[in-house]
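Working notes, structure below.
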Amino acid sequence: MKIKKIKILLIDDEEEFISTLAERLELRDYLCKTAGDGVSGIQMIVNEPFDIAIVDLMMPGLNGLNTLRQIKEINPDLPVILLTGHGSTKDGMEGMRIGAFDFLIKPLDIYALIDKIKLALDKTPQVKS
């Protein structure tokens, strides 16, 4: 029996950060797709299923909170973890009020992120695809 890999969507405008994060998660057996902005990320969620989304709060154009709002309109059950590079717990708390599972502050501890991913997936009803 083949075990299904967890499929993660990473949405962040920092290209080097997002590609490094995807690499580090893939080394740990996660399947990652990336989007460089909120609009592209939303489009990807419309077109394919993901198990979890990780969204940067500070992005030009559609910021992380507005991206989160749209994700929750499209798929209310999709867990979202927010990332902030500016130590702003206020925006992180606002994101949780809107429906994010949790938030983490950059620079990111990969082990803390993996723990949050596991927790979010444990608490989310799994939809049969």
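Within each chain, counting starts at residue 1; across the structure tokens, chains are named A, B, ... in the order shown, with ligands numbered 1 upward in that order.
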Using only C-alpha atoms, which residues sit within 10 Å of Thr67 (chain A) once same-chain residues fewer than 3 positions away are excluded, as a list of chain:residue names? A:Ile11, A:Asp37, A:Gly38, A:Val39, A:Ser40, A:Gly41, A:Ile42, A:Val55, A:Asp56, A:Leu57, A:Met59, A:Gly61, A:Leu62, A:Asn63, A:Gly64, A:Gln70, A:Ile71, A:Lys72, A:Glu73
Those residues you just picked out, can you put them in a file as a tab-separated table (two decimals), in the first residue's frame with all heavy atoms?
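Below is the file again19.tsv, written as the result:
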```tsv
chain	number	residue	atom	x	y	z
A	11	ILE	N	3.08	29.87	-0.03
A	11	ILE	CA	2.82	31.15	-0.69
A	11	ILE	C	3.67	32.22	-0.01
A	11	ILE	O	3.44	32.56	1.16
A	11	ILE	CB	1.32	31.54	-0.62
A	11	ILE	CG1	0.43	30.42	-1.18
A	11	ILE	CG2	1.08	32.86	-1.36
A	11	ILE	CD1	-1.06	30.67	-0.99
A	37	ASP	N	2.97	34.78	-4.97
A	37	ASP	CA	2.07	35.83	-4.49
A	37	ASP	C	0.70	35.22	-4.18
A	37	ASP	O	0.41	34.08	-4.54
A	37	ASP	CB	1.93	36.95	-5.53
A	37	ASP	CG	1.40	36.45	-6.86
A	37	ASP	OD1	0.22	36.05	-6.92
A	37	ASP	OD2	2.16	36.46	-7.85
A	38	GLY	N	-0.11	35.99	-3.48
A	38	GLY	CA	-1.42	35.51	-3.05
A	38	GLY	C	-2.35	35.13	-4.19
A	38	GLY	O	-3.05	34.11	-4.13
A	39	VAL	N	-2.35	35.91	-5.25
A	39	VAL	CA	-3.25	35.65	-6.38
A	39	VAL	C	-2.91	34.30	-7.03
A	39	VAL	O	-3.80	33.48	-7.30
A	39	VAL	CB	-3.19	36.81	-7.42
A	39	VAL	CG1	-3.99	36.46	-8.66
A	39	VAL	CG2	-3.70	38.10	-6.80
A	40	SER	N	-1.62	34.04	-7.25
A	40	SER	CA	-1.21	32.76	-7.84
A	40	SER	C	-1.56	31.61	-6.91
A	40	SER	O	-2.00	30.54	-7.35
A	40	SER	CB	0.30	32.73	-8.08
A	40	SER	OG	0.69	33.79	-8.89
A	41	GLY	N	-1.35	31.82	-5.62
A	41	GLY	CA	-1.67	30.79	-4.63
A	41	GLY	C	-3.15	30.45	-4.63
A	41	GLY	O	-3.52	29.27	-4.60
A	42	ILE	N	-3.99	31.47	-4.67
A	42	ILE	CA	-5.45	31.26	-4.72
A	42	ILE	C	-5.81	30.44	-5.95
A	42	ILE	O	-6.60	29.50	-5.89
A	42	ILE	CB	-6.21	32.62	-4.74
A	42	ILE	CG1	-5.96	33.40	-3.44
A	42	ILE	CG2	-7.69	32.42	-4.99
A	42	ILE	CD1	-6.46	32.79	-2.19
A	55	VAL	N	1.34	30.46	4.42
A	55	VAL	CA	1.19	31.76	3.75
A	55	VAL	C	1.94	32.85	4.50
A	55	VAL	O	1.76	33.03	5.71
A	55	VAL	CB	-0.31	32.13	3.66
A	55	VAL	CG1	-0.50	33.49	2.99
A	55	VAL	CG2	-1.11	31.05	2.94
A	56	ASP	N	2.77	33.60	3.78
A	56	ASP	CA	3.47	34.74	4.35
A	56	ASP	C	2.48	35.89	4.53
A	56	ASP	O	1.64	36.14	3.66
A	56	ASP	CB	4.62	35.17	3.42
A	56	ASP	CG	5.46	36.27	4.02
A	56	ASP	OD1	5.64	36.29	5.25
A	56	ASP	OD2	5.97	37.10	3.25
A	57	LEU	N	2.57	36.59	5.65
A	57	LEU	CA	1.66	37.71	5.90
A	57	LEU	C	2.01	38.95	5.07
A	57	LEU	O	1.14	39.62	4.56
A	57	LEU	CB	1.69	38.09	7.39
A	57	LEU	CG	0.79	37.27	8.29
A	57	LEU	CD1	1.11	37.55	9.76
A	57	LEU	CD2	-0.67	37.57	8.01
A	59	MET	N	3.15	40.41	1.95
A	59	MET	CA	3.41	40.26	0.51
A	59	MET	C	2.83	41.47	-0.20
A	59	MET	O	1.80	42.00	0.21
A	59	MET	CB	2.72	38.99	-0.03
A	59	MET	CG	3.28	37.70	0.49
A	59	MET	SD	2.52	36.26	-0.30
A	59	MET	CE	0.86	36.30	0.39
A	61	GLY	N	0.78	43.45	-3.10
A	61	GLY	CA	-0.49	43.07	-3.75
A	61	GLY	C	-1.43	42.48	-2.71
A	61	GLY	O	-1.74	43.13	-1.72
A	62	LEU	N	-1.84	41.26	-2.93
A	62	LEU	CA	-2.75	40.57	-2.01
A	62	LEU	C	-1.94	40.10	-0.81
A	62	LEU	O	-1.16	39.16	-0.91
A	62	LEU	CB	-3.40	39.39	-2.74
A	62	LEU	CG	-4.60	38.73	-2.06
A	62	LEU	CD1	-5.75	39.71	-1.91
A	62	LEU	CD2	-5.04	37.52	-2.86
A	63	ASN	N	-2.11	40.75	0.35
A	63	ASN	CA	-1.31	40.39	1.52
A	63	ASN	C	-1.79	39.06	2.11
A	63	ASN	O	-2.78	38.47	1.67
A	63	ASN	CB	-1.31	41.52	2.56
A	63	ASN	CG	-2.66	41.70	3.23
A	63	ASN	OD1	-3.49	40.80	3.30
A	63	ASN	ND2	-2.89	42.90	3.74
A	64	GLY	N	-1.08	38.59	3.12
A	64	GLY	CA	-1.38	37.29	3.71
A	64	GLY	C	-2.76	37.17	4.32
A	64	GLY	O	-3.42	36.14	4.20
A	70	GLN	N	-9.54	34.65	1.31
A	70	GLN	CA	-9.99	34.02	0.06
A	70	GLN	C	-9.84	32.50	0.11
A	70	GLN	O	-10.71	31.78	-0.38
A	70	GLN	CB	-9.23	34.61	-1.13
A	70	GLN	CG	-9.68	36.03	-1.41
A	70	GLN	CD	-9.14	36.55	-2.74
A	70	GLN	OE1	-8.92	35.80	-3.67
A	70	GLN	NE2	-8.95	37.86	-2.81
A	71	ILE	N	-8.75	32.02	0.73
A	71	ILE	CA	-8.57	30.57	0.87
A	71	ILE	C	-9.75	29.99	1.65
A	71	ILE	O	-10.32	28.96	1.28
A	71	ILE	CB	-7.24	30.24	1.58
A	71	ILE	CG1	-6.05	30.54	0.66
A	71	ILE	CG2	-7.21	28.77	2.04
A	71	ILE	CD1	-4.69	30.45	1.35
A	72	LYS	N	-10.13	30.65	2.73
A	72	LYS	CA	-11.21	30.15	3.59
A	72	LYS	C	-12.57	30.20	2.88
A	72	LYS	O	-13.45	29.40	3.18
A	72	LYS	CB	-11.25	30.91	4.92
A	72	LYS	CG	-10.08	30.57	5.83
A	72	LYS	CD	-10.10	29.08	6.15
A	72	LYS	CE	-8.94	28.61	6.96
A	72	LYS	NZ	-9.01	27.17	7.26
A	73	GLU	N	-12.74	31.14	1.94
A	73	GLU	CA	-13.97	31.16	1.13
A	73	GLU	C	-14.01	29.97	0.18
A	73	GLU	O	-15.06	29.37	-0.02
A	73	GLU	CB	-14.06	32.46	0.32
A	73	GLU	CG	-14.49	33.65	1.15
A	73	GLU	CD	-14.53	34.92	0.32
A	73	GLU	OE1	-14.71	34.85	-0.92
A	73	GLU	OE2	-14.39	36.00	0.93
```
Quiz item: Taking the backbone alone, and naming residues the way the document does, which bits of chain A are strand (DSSP E or B) by DSSP, as a ChimeraX atom specification?
Solution: /A:7-11,31-35,52-56,80-84,102-105
Check your understanding: Which residues come within 12 Å of Phe17 (chain A), counting only C-alpha atoms, excluding same-chain residues fewer than 6 positions away, as a count of residues only?
Key -> 13
Residues flagged helix (DSSP H, G or I) by DSSP in chain A, as an NGL selection string: :A and (15-27 or 38-47 or 64-74 or 89-98 or 110-123)
Check: Could you work out how far CA of Ile81 (chain A) lies from CA of Phe103 (chain A), giving the answer in Å with one decimal?
Finding: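 Between CA of Phe103 (chain A) and CA of Ile81 (chain A) the gap is 5.3 Å.
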- Message: Ranking A:Ile6, A:Asp13, A:Ile74, A:Lys123 by minimum distance to Val46 (chain A) and counting only C-alpha atoms, which one comes first?
- Response: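 The shortest atom-to-atom distance to Val46 (chain A) comes from A:Ile74.
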CA of Thr124 (chain A) sits from CA of Leu104 (chain A) at a separation of 18.7 Å
| task | Mind checking which residues fall within 10 Å of Asp51 (chain A), counting only C-alpha atoms, ignoring those fewer than 5 positions away in the same chain, and posting them as a PyMOL selection string? | result | chain A and resi 5-9+31+77-80+117+120-121+124+126-127
Now that the selection is made, can you save its residues with N, CA, C and O atoms as a PDB file, in the first residue's frame?
```
ATOM      1  N   LYS A   5       1.668  11.191   0.168  1.00  0.00           N
ATOM      2  CA  LYS A   5       2.473  12.280   0.714  1.00  0.00           C
ATOM      3  C   LYS A   5       1.581  13.475   1.022  1.00  0.00           C
ATOM      4  O   LYS A   5       0.626  13.750   0.297  1.00  0.00           O
ATOM      5  N   ILE A   6       1.920  14.184   2.077  1.00  0.00           N
ATOM      6  CA  ILE A   6       1.222  15.418   2.429  1.00  0.00           C
ATOM      7  C   ILE A   6       1.596  16.472   1.398  1.00  0.00           C
ATOM      8  O   ILE A   6       2.774  16.706   1.129  1.00  0.00           O
ATOM      9  N   LYS A   7       0.569  17.121   0.815  1.00  0.00           N
ATOM     10  CA  LYS A   7       0.788  18.117  -0.230  1.00  0.00           C
ATOM     11  C   LYS A   7       0.621  19.523   0.365  1.00  0.00           C
ATOM     12  O   LYS A   7      -0.450  19.885   0.844  1.00  0.00           O
ATOM     13  N   ILE A   8       1.712  20.276   0.315  1.00  0.00           N
ATOM     14  CA  ILE A   8       1.767  21.608   0.925  1.00  0.00           C
ATOM     15  C   ILE A   8       1.878  22.680  -0.155  1.00  0.00           C
ATOM     16  O   ILE A   8       2.673  22.548  -1.073  1.00  0.00           O
ATOM     17  N   LEU A   9       1.090  23.747   0.008  1.00  0.00           N
ATOM     18  CA  LEU A   9       1.238  24.918  -0.848  1.00  0.00           C
ATOM     19  C   LEU A   9       1.931  26.004  -0.035  1.00  0.00           C
ATOM     20  O   LEU A   9       1.450  26.383   1.034  1.00  0.00           O
ATOM     21  N   LEU A  31       5.341  16.818  -0.148  1.00  0.00           N
ATOM     22  CA  LEU A  31       5.240  17.253  -1.538  1.00  0.00           C
ATOM     23  C   LEU A  31       4.887  18.737  -1.516  1.00  0.00           C
ATOM     24  O   LEU A  31       3.881  19.121  -0.915  1.00  0.00           O
ATOM     25  N   ASP A  77     -12.056  24.206   5.117  1.00  0.00           N
ATOM     26  CA  ASP A  77     -11.383  23.168   5.907  1.00  0.00           C
ATOM     27  C   ASP A  77      -9.877  23.094   5.684  1.00  0.00           C
ATOM     28  O   ASP A  77      -9.190  22.343   6.381  1.00  0.00           O
ATOM     29  N   LEU A  78      -9.354  23.833   4.712  1.00  0.00           N
ATOM     30  CA  LEU A  78      -7.918  23.772   4.436  1.00  0.00           C
ATOM     31  C   LEU A  78      -7.165  24.485   5.569  1.00  0.00           C
ATOM     32  O   LEU A  78      -7.358  25.673   5.790  1.00  0.00           O
ATOM     33  N   PRO A  79      -6.302  23.741   6.291  1.00  0.00           N
ATOM     34  CA  PRO A  79      -5.543  24.414   7.344  1.00  0.00           C
ATOM     35  C   PRO A  79      -4.506  25.357   6.744  1.00  0.00           C
ATOM     36  O   PRO A  79      -3.867  25.034   5.741  1.00  0.00           O
ATOM     37  N   VAL A  80      -4.360  26.527   7.371  1.00  0.00           N
ATOM     38  CA  VAL A  80      -3.410  27.536   6.912  1.00  0.00           C
ATOM     39  C   VAL A  80      -2.531  27.943   8.089  1.00  0.00           C
ATOM     40  O   VAL A  80      -3.039  28.255   9.165  1.00  0.00           O
ATOM     41  N   ILE A 117       2.557  21.678  11.247  1.00  0.00           N
ATOM     42  CA  ILE A 117       1.910  20.982  10.129  1.00  0.00           C
ATOM     43  C   ILE A 117       1.220  19.717  10.641  1.00  0.00           C
ATOM     44  O   ILE A 117       0.049  19.471  10.354  1.00  0.00           O
ATOM     45  N   ALA A 120      -1.821  20.618  12.771  1.00  0.00           N
ATOM     46  CA  ALA A 120      -2.931  21.115  11.937  1.00  0.00           C
ATOM     47  C   ALA A 120      -3.613  19.971  11.215  1.00  0.00           C
ATOM     48  O   ALA A 120      -4.850  19.910  11.158  1.00  0.00           O
ATOM     49  N   LEU A 121      -2.851  19.033  10.683  1.00  0.00           N
ATOM     50  CA  LEU A 121      -3.436  17.912   9.951  1.00  0.00           C
ATOM     51  C   LEU A 121      -4.165  16.949  10.883  1.00  0.00           C
ATOM     52  O   LEU A 121      -5.184  16.389  10.523  1.00  0.00           O
ATOM     53  N   THR A 124      -7.622  18.485  11.592  1.00  0.00           N
ATOM     54  CA  THR A 124      -8.452  18.810  10.432  1.00  0.00           C
ATOM     55  C   THR A 124      -9.157  17.563   9.942  1.00  0.00           C
ATOM     56  O   THR A 124      -8.513  16.534   9.740  1.00  0.00           O
ATOM     57  N   GLN A 126     -10.221  14.934   7.540  1.00  0.00           N
ATOM     58  CA  GLN A 126      -9.657  14.564   6.244  1.00  0.00           C
ATOM     59  C   GLN A 126     -10.773  14.317   5.241  1.00  0.00           C
ATOM     60  O   GLN A 126     -11.689  13.542   5.492  1.00  0.00           O
ATOM     61  N   VAL A 127     -10.686  15.005   4.123  1.00  0.00           N
ATOM     62  CA  VAL A 127     -11.673  14.865   3.064  1.00  0.00           C
ATOM     63  C   VAL A 127     -11.192  13.758   2.115  1.00  0.00           C
ATOM     64  O   VAL A 127     -10.041  13.753   1.703  1.00  0.00           O
TER      65      VAL A 127
END
```
Practice problem: Record the distance separating CA of Ile54 (chain A) and CA of Leu82 (chain A), expressed in Å with one decimal. | Solution: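 Going from CA of Ile54 (chain A) over to CA of Leu82 (chain A) covers 5.8 Å.
The residue that comes closest to Leu68 (chain A), out of A:Thr89, A:Pro49, A:Arg97, A:Asp29 and on the basis of only C-alpha atoms, is A:Arg97.
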